[in-house]
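Student: I have a structure here, written as structure tokens, and I will follow up with some questions on it.
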Amino acid sequence: MGAPSELLQGTLDLLILKSLALEPLHGMGIARRIAQITNATFEVKAGSLFPALHRMEEAGWLASRWGESETNRRARFYKLTAVGRKQLRQESARWARISLAMASALQA
Amino acid sequence: MLRYCKALWRNLFRREQVERELDEEIRGYMEMMGTRGGIEQVKESVRDVRAGASLETLAQDLRYGLRTLKRNRGFAAVAIGTLALGIGATTTMFTIVDGVLLKPLPYPDPERLVMLWERQIPTGEIGTVAPANFYDWRAQSRSFAHMAAVDPYPDFILTGAGEPRRLAGAAVSYDFFRLFGTRMALGRDFVEAEDHPGRGQVVILSYAAFVRYFGARAEVVGHAATLNGSSFTVVGVLPRDFSLAARASDFQGRGRFEVFTPLALASPPEAWQRGTHPLCVFARLKVGVTLAGAQSDLDRIAGVLQRLFPADDQEAGIAAVPLGRRVVENVRTALVTLLAGVGMVFLIACANIANLLLTRAAARQREMNLRVALGASQGRLARQLFTESMVLAAAGGALGVAMAIMGVPALVRRLPADLPRAAEIAVDWRVLAFTTVVALATGVLFGLVPLAPSLRTGVRSVAARQSRLRSALVVGQVAIALVLLTGAGVMAKSLSRLLAVAPGFRTDDILTARLSLPPRFTNGYKFGVGKHREISRFERDLVERVRDIPGVESAAFAAYLPLGGTDNSWAFQIEGRPPKPAGVYDSANYRPVSGGYFETLGIPVVRGRGFNDRDTEDSPLVVAMNESMARMFWGQADPIRQRLRFGGEEWRSVVGVVGDVHHAALGAKPEPEMYLPYAQAPNVEARPTIVVRTAVQPAGVVNALRRAVAETAPDVPMDQIATMQQIVYGSVGESRFQTALLAAFAAMALAVASIGLYGVMSYMVSMRMREFGIRMAVGASRGAVLELVLRQAGKLAALGIAIGLAAAAMLARLIASLLYGVKPFDVATVAIVSAVLAIVALMASYLPARRAALADPMDSLRYE
């Protein structure tokens with residue numbers, strides 16, 4: 001396993017949605033969760049993460065509130081909205097199709 | 001969508017909260033991650049994706065742009081000032097061109113309005129129309145919804161309230177105002193029944209006359225006014241904004257009529273009304289009829305009239321000319337030239353600003369690098385520069401409009417008096433739209449300029465391309481300045497040639513004034529015949545009194561004054577010559593004058609004698625002529641004692657030949673003229689001019705002259721008081737106006753271009769300071785450095801002058817029609833303006849060159 005890869009275009013949104021599927025998280029929590037669920041394949045930088053979070057919130061996929069982090073500091077927690085869950089389902093299905101197609105293409 | 005609007009609302013109007021939360025969120029993240037750097041970049045990237053980001057960026061850019069400009073007051077002042085000057089001058093000139101040339105005429109469906117003229121088939125010349133011809137055209141044509149005529153001669157003397165006043169009058173057919181689609185502001189229009197002889201004791205007032213002479217009292221309408229000693233009912237008042245779109249020269253120098261009365265042609269018209277031609281005819285094409293269709297209709301009518309009335313109409317055609325074209329065709333070239341001139345000044349000003357921006361872009365390279373390092377994208381920076389140039393353009397545009405709003409009225413006051421449609425010149429939405437487009441275009445252009453050198457990649461460095469662009473701009477400026485200087489130079493030369501023309505009469509110490517004779521001197525005002533005895537008795541009484549005024553040397557009457565804007569020509573027949581075919585006449589300009597006229601105006605009597613007090617209505621009929629007429633009709637032979645006559649009149653003997661005068665214009669060739677004693681003229685104008693030669697300042701005898709007129713005939717108004725010098729000066733008004741404006745533009749061009757050259761050379765010197773230092777350190781003299789810089793400036797100027805000469809040579813013929821006595825590409829003028837431009841260019845580059853030469857080599861080497 002080499003250095004963490006740059007994220008593919010469009011995958012970041014999907015990973016953020018996925019990372020929030022279980023529970024609300026703050027920014028750093030999302031970054032850690034993404035690293036965890038991708039076995040540290042992807043490293044999300046703040047310069048990509050926060051614009052994406054704000055964009056997705058304005059699009060109505062995410063909602064945010066201020067809360068206490070595990071280290072007792074104020075942090076902004078993001079959670080999926082109903083629209084966001086629907087988006088996650090659609091994007092997951094689309095991604096499954098694409099990756100299947102890519103895998104079979106590369107094995108042919 | 002709703003969500004987006006909410007987000008936009010929050011981002012725009014809850015900015016502080018949004019920003020505070022953003023800061024807290026990112027800062028918290030960074031602390032949790034244990035890093036510090038890059039908070040600002042992350043925040044910037046979030047801001048870039050937020051709803052309304054572009055609006056916010058714009059606001060930010062605007063604020064930043066304004067702040068930068070405030071910090072660089074000098075730069076901002078020069079750039080905005082230059083731009084404002086350019087836009088202001090261009091807007092002002094455009095306002096005039098728009099009002100006169102571009103706006104549709106101020107009537108409904110103006111494209112269907114035409115003027116109809118009698119056309120001399122052999123020469124193609126067009127002229128005013130005989131009443132009987134107008135009558136037949138109107139009766140027989142099928143192409144026009146309306147056809148109406150104006151007789152521009154009848155003046156009205158208003159009495160009953162203080163001093164008698166002359167009102168400029170016109171007689172019009174009853175549907176004249178309907179033809180223009182004009183509705184009365186008060187009262188009613190004429191009706192058909194009033195347009196017959198003896199029926200029409202009614203008048204319509206212009207709004208100005210209504211205010212000036214009738215106190216703007218609405219009850220005037222429907223009541224009687226005493227005009228020409230009889231009672232007329234005022235039936236209507238024209239709207240304030242009505243103006244008759246016409247060339248003043250079509251109306252004997254008169255465009256602003258104050259009172260209108262029905263034309264009242266007899267039906268059928270009297271026979272003599274086919275041989276006199278006082279009318280201007282207007283018509284409105286029927287819907288669906290083309291100009292060509294109307295013309296063939298008119299050609300058919302002309303054919304019929306040629307057969308029916310060969311004596312008068314043998315050679316007469318009819319020409320239909322679109323009114324919009326007719327009105328402005330003699331000022332179009334001049335106005336377009338002036339607009340082009342001001343456009344050139346604007347281009348030169350733009351080049352200067354472009355140069356300024358280039359210099360500033362170079363100076364700001366560090367700032368830009370810093371911002372890139374702080375996370376600003378290239379696009380973001382370009383947008384920033386763009387916003388700044390837009391701020392400049394908007395400020396320049398706004399100031400320019402303010403200049404135009406102040407400048408237009410000032411310029412309108414100085415317009416030549418006979419410019420058509422001057423009343424329609426106004427800074428309106430059309431002008432504002434024009435200025436907005438110009439300002440936006442310059443904003444975009446200037447936004448691009450600093451980017452241009454960095455767009456292309458190649459071997460040359462950005463700096464090298466920048467300096468090439470700069471040099472190109474300066475060369476362009478010098479070239480344009482040369483074109484303008486050449487234009488202004490030849491115009492000035494033309495004007496001086498014009499003013500140097502010997503008019504053929506004396507202009508010093510001459511006072512003139514126009515008298516208006518009431519009906520007791522004339523047989524009414526309808527193409528009539530004057531009552532000679534009354535007129536000449538009045539004339540003799542008045543001249544006697546005027547000669548007694550201290551300071552007056554002599555005095556005389558003339559029906560038509562040279563350069564006075566009025567004229568008349570008559571057909572005549574020479575005794576003993578074979579008769580001409582039907583419809584062909586010898587004719588010459590017709591000049592009734594009183595005894596002593598030639599002496600008073602200093603017109604030399606070349607052969608025979610002038611007129612004197614013994615040439616009365618009872619003495620044998622005599623005539624005199626100018627040399628042009630003698631040459632044209634008698635060649636080398638002596639016309640004295642030959643005889644000629646008008647129509648069926650008695651023969652009259654030629655008693656003298658006098659010198660030519662320039663009657664129509666200083667720049668026009670003298671035409672054949674025949675002079676008749678006032679007392680013997682078969683027809684005289686009801687508005688003679690009295691000409692007085694004084695031994696003192698002419699203005700000093702005005703009051704005495706007024707008293708003399710009042711004592712001789714208290715019912716005769718006197719107006720249009722002017723010295724002959726004023727008349728001569730006024731007659732070249734158009735040429736003076738064009739020359740003054742073009743000269744002003746050329747001076748602006750010269751100043752702005754030399755500032756441009758100065759700026760570029762200064763910049764070049766500051767860039768090459770090190771090099772100069774090294775040169776001097778290794779032994780170059782100061783003189784050599786000076787020469788180096790001047791030579792580079794000289795190269796740019798020479799290239800600019802060469803290109804400018806080529807352009808001037810190509811453009812020259814376009815202004816040929818505006819010039820008198822000088823070729824449009826006059827070699828002497830071109831040589832002088834090239835030399836002037838070269839000298840100014842060297843002066844502008846001398847200061848930077850001197851700075852380079854005087855600098856201490858050691859300082860120069862350290863210079864960075």
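Naming works like this for the structure tokens: A, B, ... for the chains as they're shown, residue 1 at the start of each chain, ligands 1 onward in shown order.
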Give me, as a list in words, the residues of chain A that a backbone DSSP run labels strand (DSSP E).
Tutor: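 Matching residues, listed in order: Leu25, His26, Leu62, Ala63, Ser64, Arg65, Trp66, Gly67, Glu68, Arg74, Ala75, Arg76, Phe77, Tyr78, Lys79 and Leu80 of chain A.
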Student: Keeping only N, CA and C atoms, write the selected residues as a PDB file, in the first residue's frame.
Tutor:
ATOM      1  N   LEU A  25     -21.561  13.388  12.832  1.00  0.00           N
ATOM      2  CA  LEU A  25     -20.136  13.551  13.131  1.00  0.00           C
ATOM      3  C   LEU A  25     -19.731  15.003  12.886  1.00  0.00           C
ATOM      4  N   HIS A  26     -18.635  15.439  13.547  1.00  0.00           N
ATOM      5  CA  HIS A  26     -18.076  16.744  13.197  1.00  0.00           C
ATOM      6  C   HIS A  26     -16.993  16.558  12.153  1.00  0.00           C
ATOM      7  N   LEU A  62     -27.287  17.542   3.903  1.00  0.00           N
ATOM      8  CA  LEU A  62     -26.822  17.487   5.285  1.00  0.00           C
ATOM      9  C   LEU A  62     -27.503  18.585   6.091  1.00  0.00           C
ATOM     10  N   ALA A  63     -27.593  18.353   7.389  1.00  0.00           N
ATOM     11  CA  ALA A  63     -28.002  19.411   8.307  1.00  0.00           C
ATOM     12  C   ALA A  63     -26.928  19.488   9.377  1.00  0.00           C
ATOM     13  N   SER A  64     -26.773  20.649   9.990  1.00  0.00           N
ATOM     14  CA  SER A  64     -25.712  20.750  10.996  1.00  0.00           C
ATOM     15  C   SER A  64     -26.246  21.415  12.240  1.00  0.00           C
ATOM     16  N   ARG A  65     -25.617  21.099  13.363  1.00  0.00           N
ATOM     17  CA  ARG A  65     -25.918  21.800  14.614  1.00  0.00           C
ATOM     18  C   ARG A  65     -24.629  21.855  15.415  1.00  0.00           C
ATOM     19  N   TRP A  66     -24.570  22.789  16.342  1.00  0.00           N
ATOM     20  CA  TRP A  66     -23.394  22.874  17.195  1.00  0.00           C
ATOM     21  C   TRP A  66     -23.578  21.942  18.402  1.00  0.00           C
ATOM     22  N   GLY A  67     -22.519  21.234  18.774  1.00  0.00           N
ATOM     23  CA  GLY A  67     -22.605  20.334  19.931  1.00  0.00           C
ATOM     24  C   GLY A  67     -21.248  20.208  20.594  1.00  0.00           C
ATOM     25  N   GLU A  68     -21.157  19.300  21.545  1.00  0.00           N
ATOM     26  CA  GLU A  68     -19.896  19.085  22.288  1.00  0.00           C
ATOM     27  C   GLU A  68     -19.143  17.921  21.674  1.00  0.00           C
ATOM     28  N   ARG A  74     -16.633  22.911  21.582  1.00  0.00           N
ATOM     29  CA  ARG A  74     -17.753  23.121  20.680  1.00  0.00           C
ATOM     30  C   ARG A  74     -17.352  22.698  19.273  1.00  0.00           C
ATOM     31  N   ALA A  75     -18.209  21.915  18.665  1.00  0.00           N
ATOM     32  CA  ALA A  75     -17.917  21.508  17.290  1.00  0.00           C
ATOM     33  C   ALA A  75     -19.224  21.442  16.514  1.00  0.00           C
ATOM     34  N   ARG A  76     -19.062  21.528  15.211  1.00  0.00           N
ATOM     35  CA  ARG A  76     -20.265  21.509  14.375  1.00  0.00           C
ATOM     36  C   ARG A  76     -20.481  20.081  13.895  1.00  0.00           C
ATOM     37  N   PHE A  77     -21.644  19.517  14.245  1.00  0.00           N
ATOM     38  CA  PHE A  77     -21.959  18.135  13.882  1.00  0.00           C
ATOM     39  C   PHE A  77     -22.850  18.126  12.660  1.00  0.00           C
ATOM     40  N   TYR A  78     -22.496  17.251  11.703  1.00  0.00           N
ATOM     41  CA  TYR A  78     -23.309  17.112  10.491  1.00  0.00           C
ATOM     42  C   TYR A  78     -24.060  15.812  10.560  1.00  0.00           C
ATOM     43  N   LYS A  79     -25.341  15.809  10.063  1.00  0.00           N
ATOM     44  CA  LYS A  79     -26.068  14.532   9.956  1.00  0.00           C
ATOM     45  C   LYS A  79     -26.783  14.495   8.616  1.00  0.00           C
ATOM     46  N   LEU A  80     -27.154  13.280   8.221  1.00  0.00           N
ATOM     47  CA  LEU A  80     -27.845  13.122   6.942  1.00  0.00           C
ATOM     48  C   LEU A  80     -29.281  13.599   7.081  1.00  0.00           C
TER      49      LEU A  80
END
Student: Could I get the residues of chain B with an atom no further than 12 Å from an atom of chain A, each paired with its nearest atom pair and that distance in Å to one decimal, using only C-alpha atoms, sorted by chain and residue number, as a tab-separated table?
Tutor:
residue	atom	partner	partner_atom	distance
B:Met1	CA	A:Ala59	CA	9.1
B:Leu2	CA	A:Gly60	CA	10.4
B:Arg3	CA	A:Glu58	CA	7.0
B:Tyr4	CA	A:Glu58	CA	6.4
B:Cys5	CA	A:Glu58	CA	9.6
B:Lys6	CA	A:Glu58	CA	8.8
B:Ala7	CA	A:Glu58	CA	6.3
B:Leu8	CA	A:Glu58	CA	9.1
B:Trp9	CA	A:Glu58	CA	11.6
B:Arg10	CA	A:Glu58	CA	10.7
B:Asn11	CA	A:Glu58	CA	10.6
B:Val18	CA	A:His54	CA	11.0
B:Glu21	CA	A:Arg76	CA	8.7
B:Leu22	CA	A:Phe50	CA	9.3
B:Asp23	CA	A:Arg76	CA	11.3
B:Glu24	CA	A:Ala75	CA	8.1
B:Glu25	CA	A:Arg76	CA	6.3
B:Ile26	CA	A:Phe50	CA	8.0
B:Arg27	CA	A:Ala75	CA	9.9
B:Gly28	CA	A:Ala75	CA	6.8
B:Tyr29	CA	A:Met28	CA	5.9
B:Met30	CA	A:Ala46	CA	8.6
B:Glu31	CA	A:Met28	CA	10.0
B:Met32	CA	A:Met28	CA	7.4
B:Met33	CA	A:Met28	CA	7.4
B:Gly34	CA	A:Met28	CA	11.1
B:Thr35	CA	A:Ala46	CA	10.9
B:Arg36	CA	A:Ala46	CA	11.6
B:Gly37	CA	A:Ala46	CA	10.9
B:Gly38	CA	A:Gly47	CA	8.5
B:Ile39	CA	A:Ala46	CA	8.9
B:Glu40	CA	A:Gly47	CA	9.8
B:Gln41	CA	A:Gly47	CA	7.1
B:Val42	CA	A:Gly47	CA	4.7
B:Lys43	CA	A:Gly47	CA	8.0
B:Glu44	CA	A:Gly47	CA	8.9
B:Ser45	CA	A:Pro51	CA	6.1
B:Val46	CA	A:Pro51	CA	4.2
B:Arg47	CA	A:Pro51	CA	7.6
B:Asp48	CA	A:Pro51	CA	7.9
B:Val49	CA	A:Pro51	CA	6.2
B:Arg50	CA	A:Arg55	CA	6.4
B:Ala51	CA	A:Glu58	CA	7.5
B:Gly52	CA	A:Glu58	CA	11.2
B:Ala53	CA	A:Arg55	CA	11.3
B:Gly375	CA	A:Gly47	CA	10.6
Student: Keeping only C-alpha atoms, write those residues as a compact mmCIF listing (two decimals), in the first residue's frame.
Tutor:
# COMPACT_ATOMS: atom_id res chain seq x y z
CA MET B 1 -34.65 26.56 -4.83
CA LEU B 2 -36.18 27.80 -1.59
CA ARG B 3 -33.29 26.29 0.30
CA TYR B 4 -30.83 28.03 -1.98
CA CYS B 5 -32.53 31.36 -1.39
CA LYS B 6 -32.41 30.82 2.35
CA ALA B 7 -28.71 30.03 2.14
CA LEU B 8 -28.15 33.06 -0.07
CA TRP B 9 -30.03 35.21 2.43
CA ARG B 10 -27.94 33.92 5.31
CA ASN B 11 -24.68 34.31 3.43
CA VAL B 18 -21.76 32.79 9.03
CA GLU B 21 -19.17 30.02 12.73
CA LEU B 22 -16.92 29.15 9.81
CA ASP B 23 -13.91 30.45 11.66
CA GLU B 24 -14.82 28.52 14.82
CA GLU B 25 -15.46 25.33 12.88
CA ILE B 26 -12.21 25.37 10.94
CA ARG B 27 -10.13 26.57 13.88
CA GLY B 28 -11.61 23.77 16.05
CA TYR B 29 -10.78 21.23 13.36
CA MET B 30 -7.22 22.47 13.08
CA GLU B 31 -6.71 22.36 16.83
CA MET B 32 -8.13 18.85 17.06
CA MET B 33 -5.81 17.78 14.23
CA GLY B 34 -2.96 19.58 15.91
CA THR B 35 -2.03 21.67 12.88
CA ARG B 36 -2.07 25.41 12.39
CA GLY B 37 -1.41 26.43 8.84
CA GLY B 38 -3.83 27.10 6.09
CA ILE B 39 -6.90 28.24 8.04
CA GLU B 40 -7.34 31.17 5.66
CA GLN B 41 -7.01 29.03 2.53
CA VAL B 42 -9.63 26.58 3.82
CA LYS B 43 -11.98 29.42 4.69
CA GLU B 44 -11.40 30.98 1.28
CA SER B 45 -12.21 27.70 -0.46
CA VAL B 46 -15.42 27.32 1.55
CA ARG B 47 -16.41 30.87 0.67
CA ASP B 48 -15.86 30.09 -3.00
CA VAL B 49 -18.54 27.36 -3.02
CA ARG B 50 -21.10 29.14 -0.89
CA ALA B 51 -24.36 30.37 -2.34
CA GLY B 52 -23.90 33.92 -3.61
CA ALA B 53 -20.16 33.51 -3.69
CA GLY B 375 -4.48 30.91 -1.97
Student: Write out as a PyMOL selection string the residues lying within 10 Å of range 500-511 of chain B, counting only C-alpha atoms and excluding same-chain residues fewer than 5 positions away.
Tutor: chain B and resi 494-495+552-555+562-563+598-604+658-663+665-667+670+690-702+705+721-728+821
Student: Among chain A, which residues does DSSP mark as alpha helix (DSSP H) when it is run on the backbone? Keep the chain and numbering as in the structure and answer as a PyMOL selection string.
Tutor: chain A and resi 11-19+27-37+46-59+82-107
Student: Please identify all polymer residues within 9 Å of range 170-185 of chain B, counting only C-alpha atoms, omitting same-chain residues fewer than 2 positions from it, and present them as a PyMOL selection string.
Tutor: chain B and resi 106-110+113+145-155+168+187-195+204+207+236-240+242+244+257-265+282-284+526
Student: Figure out the distance between CA of Met674 in chain B and CA of Pro131 in chain B, please, to one decimal in Å.
Tutor: 25.2 Å
Student: Which residue gives the smallest distance to Ile34 in chain A among A:Leu88, A:Leu22, A:Ala103, A:Ile16, with only C-alpha atoms counted?
Tutor: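 Of the candidates, the smallest distance to Ile34 in chain A is held by A:Ile16.
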Student: Just the number, please: distance in Å from CA of Ala79 in chain B to CA of Leu356 in chain B, one decimal.
Tutor: 7.5 Å
Student: Please identify all polymer residues within 12 Å of Arg706 in chain B, counting only C-alpha atoms, omitting same-chain residues fewer than 6 positions from it, and present them as a list of chain:residue names.
Tutor: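 That gives B:Glu163, B:Thr512, B:Ala513, B:Arg514, B:Leu515, B:Leu542, B:Arg545, B:Val546, B:Ile549, B:Ile690, B:Ala699, B:Gly700, B:Thr712, B:Ala713, B:Pro714, B:Val716, B:Pro717, B:Met718, B:Asp719, B:Ile721.
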Student: Which polymer residues have any atom within 12 Å of an atom of Arg33 in chain A, counting only C-alpha atoms, with same-chain residues fewer than 3 positions away left out, as a list in words?
Tutor: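 Selected residues are Leu15, Ile16, Leu17, Lys18, Ser19, Leu20, Ala21, Leu22, Glu23, Pro24, Leu25, His26, Gly27, Met28, Gly29, Ile30, Gln36, Ile37, Thr38, Asn39, Ala40, Thr41, Phe42, Glu43 and Val44 of chain A.
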Student: Please list as JSON, numbers by chain every residue within 12 Å of Val97 in chain B, counting only C-alpha atoms and excluding residues in the same chain fewer than 4 positions away.
Tutor: {"B": [90, 91, 92, 93, 101, 102, 103, 328, 331, 332, 333, 334, 335, 336, 337, 338, 339, 340, 342, 408, 412, 419, 420, 421, 422, 424, 425, 426, 427, 430, 431]}
Student: May I have the selected residues written with N, CA and C atoms, as a short mmCIF file (atom, residue, chain, number, x, y, z; two decimals), in the first residue's frame?
Tutor:
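Here's the written file again_14.cif:
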data_model
loop_
_atom_site.label_atom_id
_atom_site.label_comp_id
_atom_site.auth_asym_id
_atom_site.auth_seq_id
_atom_site.Cartn_x
_atom_site.Cartn_y
_atom_site.Cartn_z
N THR B 90 -16.59 62.86 -25.97
CA THR B 90 -17.26 61.99 -26.94
C THR B 90 -18.77 62.05 -26.75
N THR B 91 -19.21 61.99 -25.48
CA THR B 91 -20.65 62.03 -25.22
C THR B 91 -21.25 63.35 -25.69
N THR B 92 -20.56 64.44 -25.42
CA THR B 92 -21.06 65.74 -25.84
C THR B 92 -21.25 65.79 -27.35
N MET B 93 -20.23 65.36 -28.06
CA MET B 93 -20.31 65.39 -29.52
C MET B 93 -21.37 64.43 -30.01
N LEU B 101 -28.52 64.22 -36.47
CA LEU B 101 -28.45 63.26 -37.58
C LEU B 101 -29.18 61.95 -37.31
N LEU B 102 -29.14 61.45 -36.09
CA LEU B 102 -29.55 60.06 -35.87
C LEU B 102 -31.00 59.89 -35.42
N LYS B 103 -31.44 60.76 -34.55
CA LYS B 103 -32.81 60.61 -34.06
C LYS B 103 -33.77 60.73 -35.22
N VAL B 328 -30.66 67.53 -43.17
CA VAL B 328 -29.31 67.46 -42.59
C VAL B 328 -28.21 67.23 -43.62
N VAL B 331 -25.02 69.27 -43.40
CA VAL B 331 -24.21 69.32 -42.18
C VAL B 331 -23.66 67.95 -41.82
N ARG B 332 -24.09 66.92 -42.58
CA ARG B 332 -23.71 65.56 -42.21
C ARG B 332 -22.19 65.38 -42.16
N THR B 333 -21.52 65.78 -43.26
CA THR B 333 -20.08 65.56 -43.33
C THR B 333 -19.37 66.23 -42.15
N ALA B 334 -19.77 67.49 -41.89
CA ALA B 334 -19.10 68.24 -40.83
C ALA B 334 -19.29 67.54 -39.49
N LEU B 335 -20.52 67.12 -39.20
CA LEU B 335 -20.78 66.51 -37.89
C LEU B 335 -20.08 65.16 -37.76
N VAL B 336 -20.12 64.38 -38.83
CA VAL B 336 -19.46 63.08 -38.76
C VAL B 336 -17.95 63.27 -38.57
N THR B 337 -17.40 64.27 -39.26
CA THR B 337 -15.97 64.56 -39.10
C THR B 337 -15.66 64.92 -37.65
N LEU B 338 -16.50 65.77 -37.07
CA LEU B 338 -16.24 66.18 -35.69
C LEU B 338 -16.38 65.00 -34.73
N LEU B 339 -17.36 64.14 -34.97
CA LEU B 339 -17.53 62.96 -34.11
C LEU B 339 -16.31 62.05 -34.24
N ALA B 340 -15.84 61.87 -35.49
CA ALA B 340 -14.65 61.06 -35.70
C ALA B 340 -13.47 61.69 -34.97
N VAL B 342 -13.47 63.59 -32.28
CA VAL B 342 -13.54 63.39 -30.84
C VAL B 342 -13.29 61.92 -30.50
N VAL B 408 -23.01 70.14 -23.03
CA VAL B 408 -23.91 70.21 -24.19
C VAL B 408 -24.58 71.58 -24.31
N VAL B 412 -24.19 74.00 -27.40
CA VAL B 412 -25.38 74.33 -28.20
C VAL B 412 -25.48 75.84 -28.39
N LEU B 419 -27.81 75.68 -37.88
CA LEU B 419 -27.78 74.23 -37.77
C LEU B 419 -29.21 73.73 -37.57
N PRO B 420 -29.64 72.78 -38.43
CA PRO B 420 -31.01 72.29 -38.27
C PRO B 420 -31.16 71.43 -37.02
N ARG B 421 -32.36 71.31 -36.50
CA ARG B 421 -32.74 70.41 -35.42
C ARG B 421 -31.99 70.68 -34.13
N ALA B 422 -31.42 71.89 -33.99
CA ALA B 422 -30.64 72.17 -32.79
C ALA B 422 -31.50 72.03 -31.53
N GLU B 424 -33.49 69.78 -30.83
CA GLU B 424 -33.68 68.40 -30.39
C GLU B 424 -32.45 67.83 -29.71
N ILE B 425 -31.41 68.65 -29.57
CA ILE B 425 -30.18 68.16 -28.94
C ILE B 425 -30.37 68.12 -27.43
N ALA B 426 -30.28 66.93 -26.84
CA ALA B 426 -30.44 66.82 -25.40
C ALA B 426 -29.78 65.54 -24.92
N VAL B 427 -29.25 65.58 -23.70
CA VAL B 427 -28.71 64.36 -23.09
C VAL B 427 -29.91 63.54 -22.62
N ARG B 430 -30.99 57.85 -24.92
CA ARG B 430 -30.17 57.34 -26.03
C ARG B 430 -28.71 57.65 -25.77
N VAL B 431 -28.46 58.89 -25.34
CA VAL B 431 -27.09 59.30 -25.07
C VAL B 431 -26.53 58.50 -23.89
#
